[in-house]
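Text of input.txt (compact mmCIF, C-alpha atoms and all ligand atoms) as supplied:
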# COMPACT_ATOMS: atom_id res chain seq x y z
CA ASN A 1 0.00 0.00 0.00
CA PRO A 2 1.18 3.51 -0.85
CA ARG A 3 0.96 5.09 2.57
CA SER A 4 0.12 3.95 6.03
CA LEU A 5 -2.41 6.35 7.53
CA PRO A 6 -2.16 7.19 11.22
CA LEU A 7 -5.41 7.32 13.19
CA THR A 8 -6.57 10.05 15.53
CA LEU A 9 -9.49 9.45 17.87
CA ILE A 10 -11.59 12.50 18.67
CA LEU A 11 -14.17 12.52 21.43
CA ALA A 12 -15.69 14.44 24.28
CA ALA A 13 -16.14 12.60 27.59
CA THR A 14 -17.25 13.16 31.18
CA PRO A 15 -14.93 12.40 34.15
CA SER A 16 -16.21 8.80 34.14
CA LEU A 17 -15.55 8.65 30.37
CA GLY A 18 -19.20 8.80 29.41
CA ILE A 19 -19.60 9.63 25.72
CA GLY A 20 -23.23 8.85 24.91
CA GLN A 21 -26.73 8.56 26.28
CA ALA A 22 -29.72 7.08 24.44
CA GLY A 23 -28.12 7.44 21.02
CA GLN A 24 -27.11 11.06 21.52
CA LEU A 25 -24.46 13.12 23.25
CA PRO A 26 -25.06 13.18 27.03
CA TRP A 27 -24.84 16.98 27.39
CA PRO A 28 -26.87 19.87 25.96
CA SER A 29 -25.36 20.96 22.64
CA LEU A 30 -22.16 22.92 23.20
CA LYS A 31 -21.61 25.12 20.14
CA SER A 32 -17.98 26.01 20.79
CA GLU A 33 -17.15 22.35 21.44
CA MET A 34 -18.89 21.14 18.29
CA GLY A 35 -17.25 24.00 16.39
CA TYR A 36 -13.84 22.79 17.50
CA PHE A 37 -14.73 19.25 16.36
CA ALA A 38 -15.82 20.53 12.94
CA ARG A 39 -12.78 22.81 12.40
CA VAL A 40 -10.22 20.28 13.58
CA THR A 41 -11.63 17.39 11.57
CA LYS A 42 -11.84 19.56 8.42
CA ARG A 43 -8.45 21.27 8.62
CA VAL A 44 -5.77 19.59 6.51
CA PRO A 45 -2.15 19.91 7.62
CA PRO A 46 0.12 22.41 5.87
CA ASN A 47 1.54 21.01 2.67
CA PRO A 48 4.56 21.62 0.45
CA ALA A 49 3.43 23.90 -2.43
CA SER A 50 4.83 21.45 -4.98
CA ALA A 51 2.16 18.86 -4.22
CA THR A 52 -1.01 20.89 -5.02
CA ALA A 53 -1.25 20.03 -8.73
CA SER A 54 0.44 17.69 -11.12
CA ALA A 55 0.49 17.22 -14.86
CA SER A 56 1.01 13.96 -16.66
CA THR A 57 1.99 13.76 -20.32
CA SER A 58 1.33 10.95 -22.75
CA THR A 59 2.41 10.85 -26.44
CA SER A 60 0.10 13.58 -27.70
CA THR A 61 -2.01 14.89 -24.82
CA THR A 62 -1.42 16.58 -21.51
CA THR A 63 -3.95 16.02 -18.74
CA THR A 64 -3.89 18.11 -15.62
CA THR A 65 -5.27 16.50 -12.50
CA THR A 66 -6.09 18.66 -9.55
CA ARG A 67 -5.41 17.15 -6.19
CA LYS A 68 -8.05 17.62 -3.52
CA ARG A 69 -6.68 17.14 -0.05
CA MET A 70 -9.29 16.17 2.52
CA ASN A 71 -9.46 14.53 5.90
CA ALA A 72 -11.66 11.53 6.61
CA VAL A 73 -14.00 10.73 9.49
CA VAL A 74 -14.61 7.08 10.36
CA MET A 75 -17.67 6.27 12.45
CA GLY A 76 -19.92 3.43 13.46
CA ARG A 77 -23.46 3.11 12.19
CA LYS A 78 -25.04 4.33 15.44
CA THR A 79 -22.88 7.46 15.39
CA TRP A 80 -23.95 8.04 11.77
CA ASP A 81 -27.59 7.73 12.90
CA SER A 82 -26.94 10.24 15.71
CA ILE A 83 -25.81 13.00 13.34
CA PRO A 84 -28.70 15.24 12.29
CA GLU A 85 -29.65 14.46 8.66
CA ARG A 86 -28.92 18.01 7.58
CA PHE A 87 -25.31 17.66 8.74
CA ARG A 88 -24.51 14.28 7.20
CA PRO A 89 -22.39 13.31 5.44
CA LEU A 90 -20.19 15.70 7.46
CA LYS A 91 -19.21 18.47 5.01
CA GLY A 92 -15.70 18.80 3.67
CA ARG A 93 -14.61 15.39 4.94
CA VAL A 94 -14.63 11.89 3.46
CA ASN A 95 -17.26 10.07 5.54
CA VAL A 96 -16.75 6.35 6.23
CA VAL A 97 -19.40 4.34 8.07
CA VAL A 98 -18.57 0.96 9.61
CA THR A 99 -21.45 -1.54 9.73
CA ARG A 100 -21.90 -5.30 9.50
CA ASN A 101 -25.18 -4.72 7.70
CA PRO A 102 -24.66 -2.22 4.87
CA GLU A 103 -28.19 -2.88 3.55
CA ALA A 104 -29.70 -1.40 6.68
CA LEU A 105 -27.74 1.83 6.57
CA ASP A 106 -30.16 4.73 6.57
CA TRP A 107 -28.68 7.37 4.37
CA ARG A 108 -30.55 7.32 1.08
CA ALA A 109 -33.56 8.88 2.76
CA GLY A 110 -31.48 11.88 3.78
CA ALA A 111 -29.39 11.92 0.63
CA GLY A 112 -32.49 11.73 -1.55
CA LYS A 113 -33.51 15.24 -0.57
CA LYS A 114 -30.23 16.52 -1.89
CA GLU A 115 -30.52 14.59 -5.13
CA GLY A 116 -29.26 16.54 -8.12
CA GLY A 117 -26.75 18.50 -6.07
CA GLU A 118 -23.33 18.46 -7.71
CA GLY A 119 -20.93 16.16 -5.95
CA GLU A 120 -23.45 15.11 -3.31
CA GLU A 121 -22.49 11.64 -2.25
CA GLY A 122 -23.32 9.26 0.54
CA PRO A 123 -20.74 7.82 2.89
CA VAL A 124 -18.26 5.10 2.04
CA VAL A 125 -19.60 1.96 3.73
CA VAL A 126 -17.23 -0.72 5.07
CA SER A 127 -17.45 -3.64 7.49
CA SER A 128 -14.51 -2.94 9.82
CA VAL A 129 -12.18 -0.16 10.92
CA SER A 130 -9.23 -1.82 9.22
CA ALA A 131 -11.26 -2.10 6.00
CA ALA A 132 -11.93 1.64 6.33
CA LEU A 133 -8.19 2.31 6.47
CA GLU A 134 -7.46 0.08 3.51
CA ARG A 135 -10.12 1.88 1.51
CA LEU A 136 -8.82 5.32 2.46
CA GLN A 137 -5.25 4.44 1.62
CA THR A 138 -6.25 3.74 -1.96
CA SER A 139 -9.09 6.24 -2.34
CA ARG A 140 -9.34 8.11 -5.59
CA GLY A 141 -11.34 11.13 -6.59
CA SER A 142 -13.63 11.20 -9.61
CA GLY A 143 -12.94 12.54 -13.09
CA SER A 144 -9.84 14.68 -13.15
CA VAL A 145 -9.82 15.10 -9.40
CA ASP A 146 -7.28 13.07 -7.53
CA LEU A 147 -8.38 12.77 -3.91
CA GLN A 148 -5.63 12.71 -1.34
CA VAL A 149 -6.82 11.64 2.08
CA GLU A 150 -4.82 13.44 4.74
CA ARG A 151 -5.78 12.94 8.39
CA VAL A 152 -8.10 10.12 9.46
CA PHE A 153 -10.29 10.81 12.50
CA VAL A 154 -12.19 8.08 14.30
CA ILE A 155 -15.31 9.79 15.67
CA GLY A 156 -16.95 6.90 17.56
CA GLY A 157 -18.82 5.31 19.09
CA ALA A 158 -17.51 3.02 21.80
CA SER A 159 -17.09 -0.16 19.74
CA ILE A 160 -15.38 1.74 16.91
CA TYR A 161 -13.02 3.49 19.34
CA LYS A 162 -12.22 0.09 20.84
CA ALA A 163 -11.44 -1.47 17.46
CA ALA A 164 -9.29 1.55 16.50
CA LEU A 165 -7.34 1.43 19.77
CA GLU A 166 -6.34 -2.15 18.96
CA LEU A 167 -4.63 -1.03 15.75
CA PRO A 168 -0.96 -0.02 15.82
CA GLN A 169 -1.72 2.99 13.54
CA CYS A 170 -3.75 4.52 16.37
CA GLU A 171 -1.40 7.31 17.47
CA ARG A 172 -3.36 10.12 19.04
CA VAL A 173 -6.47 11.01 21.02
CA LEU A 174 -8.04 14.46 20.97
CA LEU A 175 -10.14 14.51 24.12
CA THR A 176 -12.53 17.17 25.24
CA ASP A 177 -12.46 16.79 28.99
CA ILE A 178 -15.99 17.63 30.15
CA LYS A 179 -15.61 18.67 33.78
CA ARG A 180 -18.88 17.30 35.18
CA GLU A 181 -20.98 14.18 35.01
CA PHE A 182 -24.06 13.59 32.88
CA GLU A 183 -26.11 10.43 32.74
CA CYS A 184 -24.43 8.12 30.21
CA ASP A 185 -25.02 4.62 28.84
CA THR A 186 -21.93 4.52 26.59
CA PHE A 187 -18.32 4.89 27.69
CA PHE A 188 -14.93 5.38 26.09
CA PRO A 189 -13.09 2.02 26.39
CA LEU A 190 -9.71 3.34 27.62
CA GLU A 191 -8.53 5.11 30.78
CA LEU A 192 -6.21 7.84 29.52
CA GLY A 193 -5.70 9.45 32.92
CA GLY A 194 -5.50 13.16 33.67
CA GLU A 195 -2.53 14.71 35.48
CA GLU A 196 -1.19 11.48 36.96
CA GLY A 197 -1.47 7.82 36.12
CA GLY A 198 -3.55 6.66 33.21
CA GLN A 199 -3.07 3.97 30.65
CA LEU A 200 0.40 2.63 30.03
CA GLY A 201 1.74 3.83 26.71
CA TRP A 202 -0.38 6.99 26.47
CA LYS A 203 1.10 10.40 27.29
CA ARG A 204 -0.72 13.67 27.73
CA ARG A 205 0.85 16.36 25.52
CA SER A 206 1.17 20.07 26.31
CA LYS A 207 -1.23 22.78 25.17
CA ALA A 208 1.47 24.04 22.77
CA GLU A 209 1.78 20.58 21.21
CA LEU A 210 -2.01 20.36 20.86
CA GLU A 211 -2.15 23.82 19.22
CA SER A 212 0.60 22.93 16.83
CA TRP A 213 -1.10 19.71 15.78
CA VAL A 214 -4.63 21.09 15.38
CA GLY A 215 -3.39 24.31 13.76
CA GLU A 216 -5.26 26.77 15.97
CA ASP A 217 -5.01 28.47 19.35
CA VAL A 218 -6.78 26.58 22.09
CA ASP A 219 -8.33 28.04 25.25
CA ASP A 220 -7.22 26.67 28.62
CA ALA A 221 -10.73 26.32 29.92
CA LEU A 222 -14.06 26.95 28.27
CA GLU A 223 -17.57 27.10 29.62
CA GLU A 224 -20.88 26.93 27.86
CA LYS A 225 -24.35 26.47 29.38
CA GLY A 226 -22.67 26.09 32.77
CA VAL A 227 -20.57 23.16 31.51
CA ARG A 228 -16.80 23.59 31.84
CA PHE A 229 -14.53 21.73 29.44
CA GLU A 230 -10.95 21.61 28.22
CA PHE A 231 -9.31 20.39 24.98
CA VAL A 232 -6.44 17.96 25.53
CA MET A 233 -4.27 15.64 23.44
CA PHE A 234 -2.75 12.26 24.21
CA GLU A 235 -0.22 10.43 22.09
CA ARG A 236 0.81 6.83 22.16
CA GLU A 237 4.42 6.33 23.16
CA VAL A 238 6.41 4.41 20.58
N1 LIG A 301 -15.71 14.85 19.44
C1 LIG A 301 -15.90 15.98 20.13
N2 LIG A 301 -14.86 16.64 20.60
N3 LIG A 301 -17.13 16.46 20.34
C2 LIG A 301 -18.22 15.82 19.87
O1 LIG A 301 -19.34 16.30 20.09
C3 LIG A 301 -18.07 14.63 19.13
N4 LIG A 301 -19.14 13.98 18.61
C4 LIG A 301 -18.93 12.87 17.91
C5 LIG A 301 -17.63 12.40 17.73
N5 LIG A 301 -16.57 13.04 18.24
C6 LIG A 301 -16.78 14.17 18.94
C7 LIG A 301 -20.06 12.12 17.30
N6 LIG A 301 -21.29 12.86 17.25
C8 LIG A 301 -22.02 16.02 14.62
C9 LIG A 301 -23.03 15.54 15.44
C10 LIG A 301 -22.78 14.49 16.31
C11 LIG A 301 -21.51 13.90 16.36
C12 LIG A 301 -20.52 14.40 15.55
C13 LIG A 301 -20.77 15.45 14.68
C14 LIG A 301 -22.30 17.16 13.69
O2 LIG A 301 -23.42 17.44 13.35
N7 LIG A 301 -21.24 17.88 13.26
C15 LIG A 301 -21.27 19.01 12.33
C16 LIG A 301 -21.34 20.32 13.08
C17 LIG A 301 -22.69 20.83 13.15
C18 LIG A 301 -22.77 22.13 13.95
O3 LIG A 301 -21.99 23.07 13.65
O4 LIG A 301 -23.55 22.20 14.91
C19 LIG A 301 -19.97 19.02 11.56
O5 LIG A 301 -19.96 19.62 10.47
O6 LIG A 301 -18.97 18.48 12.06
Structure re-expressed in structure tokens:
Amino acid sequence: NPRSLPLTLILAATPSLGIGQAGQLPWPSLKSEMGYFARVTKRVPPNPASATASASTSTSTTTTTTRKRMNAVVMGRKTWDSIPERFRPLKGRVNVVVTRNPEALDWRAGAGKKEGGEGEEGPVVVSSVSAALERLQTSRGSGSVDLQVERVFVIGGASIYKAALELPQCERVLLTDIKREFECDTFFPLELGGEEGGQLGWKRRSKAELESWVGEDVDDALEEKGVRFEFVMFEREV
């Protein structure tokens, strides 16, 4: 395969690592938190100027292919279902949905309303997280557009995070540390630890390292609707 794609998990969790409740997020919608999720998952890393376009020549013709650099989001079917129809597929990102039953995936209903829109496509559907990676490593654009998948974000839920954490390509976790409890029925399957302790092999990185990786300034502590939260990054030690 041409390139091995590293995986980044992105999630928001309560102190007891709750991530979901009844098919939704456990907390009232936090605009600045969701905004961070959208910006970070969309933003592609800086790139050498030489790689933006390429021309290939055959005997008598020259075809120019434009390269579109995009990140991908990989999610389980229940997470797909949890995203409001008007927001899915998540804009500006390659959407990959993992399901054992592709027939049952409810997306045509939502996509149907957008029918006729240029470039409107449903998600890529695969049956495992590793199949998602294989697909993304070889993904092509359409026509004269050559799609280059940059960062791959695993966006949940619990069983998809668990499968991703078992892969060696899983390098990084972007955690939004929600500072209070909400009722949850779904939990992140790994104890990362805060200041001390935590899972062997995972290291909390500094705010500066987080800012450098996500490509934006990050506040130390945010609060919305009386809910305090903080953006943090963990990386797996080699
Ligand atoms: N990670 C973090 N940090 N926060 C989350 O809320 C989160 N949620 C999921 C996965 N990782 C997360 C899964 N759930 C949308 C909705 C639910 C969802 C993920 C994304 C969604 O509608 N996103 C839109 C933004 C819409 C808006 O601006 O309100 C998007 O374009 O990303």
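You will find CA of Pro84 (chain A) at 8.4 Å from atom C11 of ligand LIG 301 (chain A).
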Residues contacting ligand LIG 301 (chain A) - anything with an atom at most 10 Å away, using only C-alpha atoms and all ligand atoms - can you give me those as a PDB file with C-alpha atoms, keeping the file's coordinate frame?
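To be explicit, this is the file written out as out-v4.pdb:
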ATOM      1  CA  LEU A   9      -9.490   9.450  17.870  1.00  0.00           C
ATOM      2  CA  ILE A  10     -11.590  12.500  18.670  1.00  0.00           C
ATOM      3  CA  LEU A  11     -14.170  12.520  21.430  1.00  0.00           C
ATOM      4  CA  ALA A  12     -15.690  14.440  24.280  1.00  0.00           C
ATOM      5  CA  ALA A  13     -16.140  12.600  27.590  1.00  0.00           C
ATOM      6  CA  ILE A  19     -19.600   9.630  25.720  1.00  0.00           C
ATOM      7  CA  GLY A  20     -23.230   8.850  24.910  1.00  0.00           C
ATOM      8  CA  GLY A  23     -28.120   7.440  21.020  1.00  0.00           C
ATOM      9  CA  GLN A  24     -27.110  11.060  21.520  1.00  0.00           C
ATOM     10  CA  LEU A  25     -24.460  13.120  23.250  1.00  0.00           C
ATOM     11  CA  PRO A  26     -25.060  13.180  27.030  1.00  0.00           C
ATOM     12  CA  TRP A  27     -24.840  16.980  27.390  1.00  0.00           C
ATOM     13  CA  SER A  29     -25.360  20.960  22.640  1.00  0.00           C
ATOM     14  CA  LEU A  30     -22.160  22.920  23.200  1.00  0.00           C
ATOM     15  CA  LYS A  31     -21.610  25.120  20.140  1.00  0.00           C
ATOM     16  CA  SER A  32     -17.980  26.010  20.790  1.00  0.00           C
ATOM     17  CA  GLU A  33     -17.150  22.350  21.440  1.00  0.00           C
ATOM     18  CA  MET A  34     -18.890  21.140  18.290  1.00  0.00           C
ATOM     19  CA  GLY A  35     -17.250  24.000  16.390  1.00  0.00           C
ATOM     20  CA  TYR A  36     -13.840  22.790  17.500  1.00  0.00           C
ATOM     21  CA  PHE A  37     -14.730  19.250  16.360  1.00  0.00           C
ATOM     22  CA  ALA A  38     -15.820  20.530  12.940  1.00  0.00           C
ATOM     23  CA  ARG A  39     -12.780  22.810  12.400  1.00  0.00           C
ATOM     24  CA  VAL A  40     -10.220  20.280  13.580  1.00  0.00           C
ATOM     25  CA  THR A  41     -11.630  17.390  11.570  1.00  0.00           C
ATOM     26  CA  LYS A  42     -11.840  19.560   8.420  1.00  0.00           C
ATOM     27  CA  VAL A  73     -14.000  10.730   9.490  1.00  0.00           C
ATOM     28  CA  VAL A  74     -14.610   7.080  10.360  1.00  0.00           C
ATOM     29  CA  MET A  75     -17.670   6.270  12.450  1.00  0.00           C
ATOM     30  CA  GLY A  76     -19.920   3.430  13.460  1.00  0.00           C
ATOM     31  CA  LYS A  78     -25.040   4.330  15.440  1.00  0.00           C
ATOM     32  CA  THR A  79     -22.880   7.460  15.390  1.00  0.00           C
ATOM     33  CA  TRP A  80     -23.950   8.040  11.770  1.00  0.00           C
ATOM     34  CA  ASP A  81     -27.590   7.730  12.900  1.00  0.00           C
ATOM     35  CA  SER A  82     -26.940  10.240  15.710  1.00  0.00           C
ATOM     36  CA  ILE A  83     -25.810  13.000  13.340  1.00  0.00           C
ATOM     37  CA  PRO A  84     -28.700  15.240  12.290  1.00  0.00           C
ATOM     38  CA  GLU A  85     -29.650  14.460   8.660  1.00  0.00           C
ATOM     39  CA  ARG A  86     -28.920  18.010   7.580  1.00  0.00           C
ATOM     40  CA  PHE A  87     -25.310  17.660   8.740  1.00  0.00           C
ATOM     41  CA  ARG A  88     -24.510  14.280   7.200  1.00  0.00           C
ATOM     42  CA  PRO A  89     -22.390  13.310   5.440  1.00  0.00           C
ATOM     43  CA  LEU A  90     -20.190  15.700   7.460  1.00  0.00           C
ATOM     44  CA  LYS A  91     -19.210  18.470   5.010  1.00  0.00           C
ATOM     45  CA  GLY A  92     -15.700  18.800   3.670  1.00  0.00           C
ATOM     46  CA  ARG A  93     -14.610  15.390   4.940  1.00  0.00           C
ATOM     47  CA  PHE A 153     -10.290  10.810  12.500  1.00  0.00           C
ATOM     48  CA  VAL A 154     -12.190   8.080  14.300  1.00  0.00           C
ATOM     49  CA  ILE A 155     -15.310   9.790  15.670  1.00  0.00           C
ATOM     50  CA  GLY A 156     -16.950   6.900  17.560  1.00  0.00           C
ATOM     51  CA  GLY A 157     -18.820   5.310  19.090  1.00  0.00           C
ATOM     52  CA  LEU A 174      -8.040  14.460  20.970  1.00  0.00           C
ATOM     53  CA  LEU A 175     -10.140  14.510  24.120  1.00  0.00           C
ATOM     54  CA  THR A 176     -12.530  17.170  25.240  1.00  0.00           C
ATOM     55  CA  ASP A 177     -12.460  16.790  28.990  1.00  0.00           C
ATOM     56  CA  ILE A 178     -15.990  17.630  30.150  1.00  0.00           C
ATOM     57  CA  GLU A 230     -10.950  21.610  28.220  1.00  0.00           C
ATOM     58  CA  PHE A 231      -9.310  20.390  24.980  1.00  0.00           C
ATOM     59  CA  VAL A 232      -6.440  17.960  25.530  1.00  0.00           C
TER      60      VAL A 232
END
Nearest to Ser128 (chain A): which of A:Val227, A:Val94, A:Ala164, A:Leu147 is it, counting only C-alpha atoms?
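Of the candidates, the smallest distance to Ser128 (chain A) is held by A:Ala164.
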If I wrap all listed atoms of region 212-216 of chain A in a box with edges along x, y and z and add 4 Å on each side, what are its centre and edge lengths in Å to one decimal, as AutoDock Vina command-line options?
--center_x -2.3 --center_y 23.2 --center_z 15.3 --size_x 13.9 --size_y 15.1 --size_z 11.1
Residue nearest Thr138 (chain A) - candidates A:Pro15, A:Glu150, A:Lys162, A:Arg228, atoms counted: all atoms listed in the file
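Ranked by minimum distance to Thr138 (chain A), first place goes to A:Glu150.
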Smallest atom-to-atom distance to Arg77 (chain A): which of A:Asp217, A:Glu223, A:Glu211, A:Asp106, using all atoms listed in the file?
A:Asp106
For region 4-14 of chain A, supply all heavy atoms and format the output as a short mmCIF file (atom, residue, chain, number, x, y, z; two decimals), in the coordinates of the input.
data_model
loop_
_atom_site.label_atom_id
_atom_site.label_comp_id
_atom_site.auth_asym_id
_atom_site.auth_seq_id
_atom_site.Cartn_x
_atom_site.Cartn_y
_atom_site.Cartn_z
N SER A 4 0.83 4.44 4.86
CA SER A 4 0.12 3.95 6.03
C SER A 4 -0.44 5.17 6.77
O SER A 4 0.28 6.10 7.10
CB SER A 4 1.08 3.15 6.90
OG SER A 4 0.88 3.46 8.25
N LEU A 5 -1.75 5.18 6.95
CA LEU A 5 -2.41 6.35 7.53
C LEU A 5 -2.51 6.23 9.05
O LEU A 5 -3.13 5.29 9.54
CB LEU A 5 -3.81 6.48 6.93
CG LEU A 5 -3.92 6.87 5.46
CD1 LEU A 5 -5.33 6.60 4.94
CD2 LEU A 5 -3.55 8.34 5.28
N PRO A 6 -1.98 7.21 9.76
CA PRO A 6 -2.16 7.19 11.22
C PRO A 6 -3.60 7.53 11.58
O PRO A 6 -4.29 8.21 10.82
CB PRO A 6 -1.21 8.29 11.71
CG PRO A 6 -0.47 8.79 10.54
CD PRO A 6 -1.19 8.36 9.32
N LEU A 7 -4.05 7.06 12.72
CA LEU A 7 -5.41 7.32 13.19
C LEU A 7 -5.39 8.26 14.37
O LEU A 7 -4.55 8.13 15.27
CB LEU A 7 -6.07 6.03 13.66
CG LEU A 7 -6.52 5.01 12.63
CD1 LEU A 7 -7.16 3.82 13.35
CD2 LEU A 7 -7.51 5.65 11.68
N THR A 8 -6.35 9.18 14.37
CA THR A 8 -6.57 10.05 15.53
C THR A 8 -8.00 9.84 16.01
O THR A 8 -8.94 9.92 15.22
CB THR A 8 -6.35 11.53 15.15
OG1 THR A 8 -4.98 11.72 14.80
CG2 THR A 8 -6.71 12.46 16.29
N LEU A 9 -8.14 9.55 17.30
CA LEU A 9 -9.49 9.45 17.87
C LEU A 9 -9.87 10.83 18.36
O LEU A 9 -9.04 11.55 18.95
CB LEU A 9 -9.49 8.48 19.05
CG LEU A 9 -9.74 7.00 18.75
CD1 LEU A 9 -8.78 6.48 17.70
CD2 LEU A 9 -9.63 6.17 20.03
N ILE A 10 -11.10 11.22 18.13
CA ILE A 10 -11.59 12.50 18.67
C ILE A 10 -12.89 12.23 19.39
O ILE A 10 -13.76 11.50 18.90
CB ILE A 10 -11.71 13.60 17.57
CG1 ILE A 10 -12.09 14.95 18.20
CG2 ILE A 10 -12.65 13.21 16.44
CD1 ILE A 10 -11.88 16.16 17.28
N LEU A 11 -12.98 12.76 20.61
CA LEU A 11 -14.17 12.52 21.43
C LEU A 11 -14.27 13.57 22.52
O LEU A 11 -13.29 14.22 22.85
CB LEU A 11 -14.12 11.14 22.07
CG LEU A 11 -13.05 10.92 23.13
CD1 LEU A 11 -13.61 10.10 24.29
CD2 LEU A 11 -11.83 10.21 22.54
N ALA A 12 -15.46 13.66 23.07
CA ALA A 12 -15.69 14.44 24.28
C ALA A 12 -16.21 13.45 25.31
O ALA A 12 -17.01 12.57 24.99
CB ALA A 12 -16.70 15.55 24.02
N ALA A 13 -15.73 13.57 26.57
CA ALA A 13 -16.14 12.60 27.59
C ALA A 13 -16.22 13.25 28.97
O ALA A 13 -15.49 14.19 29.27
CB ALA A 13 -15.16 11.43 27.63
N THR A 14 -17.11 12.72 29.78
CA THR A 14 -17.25 13.16 31.18
C THR A 14 -16.11 12.55 32.01
O THR A 14 -15.37 11.71 31.51
CB THR A 14 -18.59 12.67 31.76
OG1 THR A 14 -18.53 11.23 31.92
CG2 THR A 14 -19.78 13.02 30.87
#
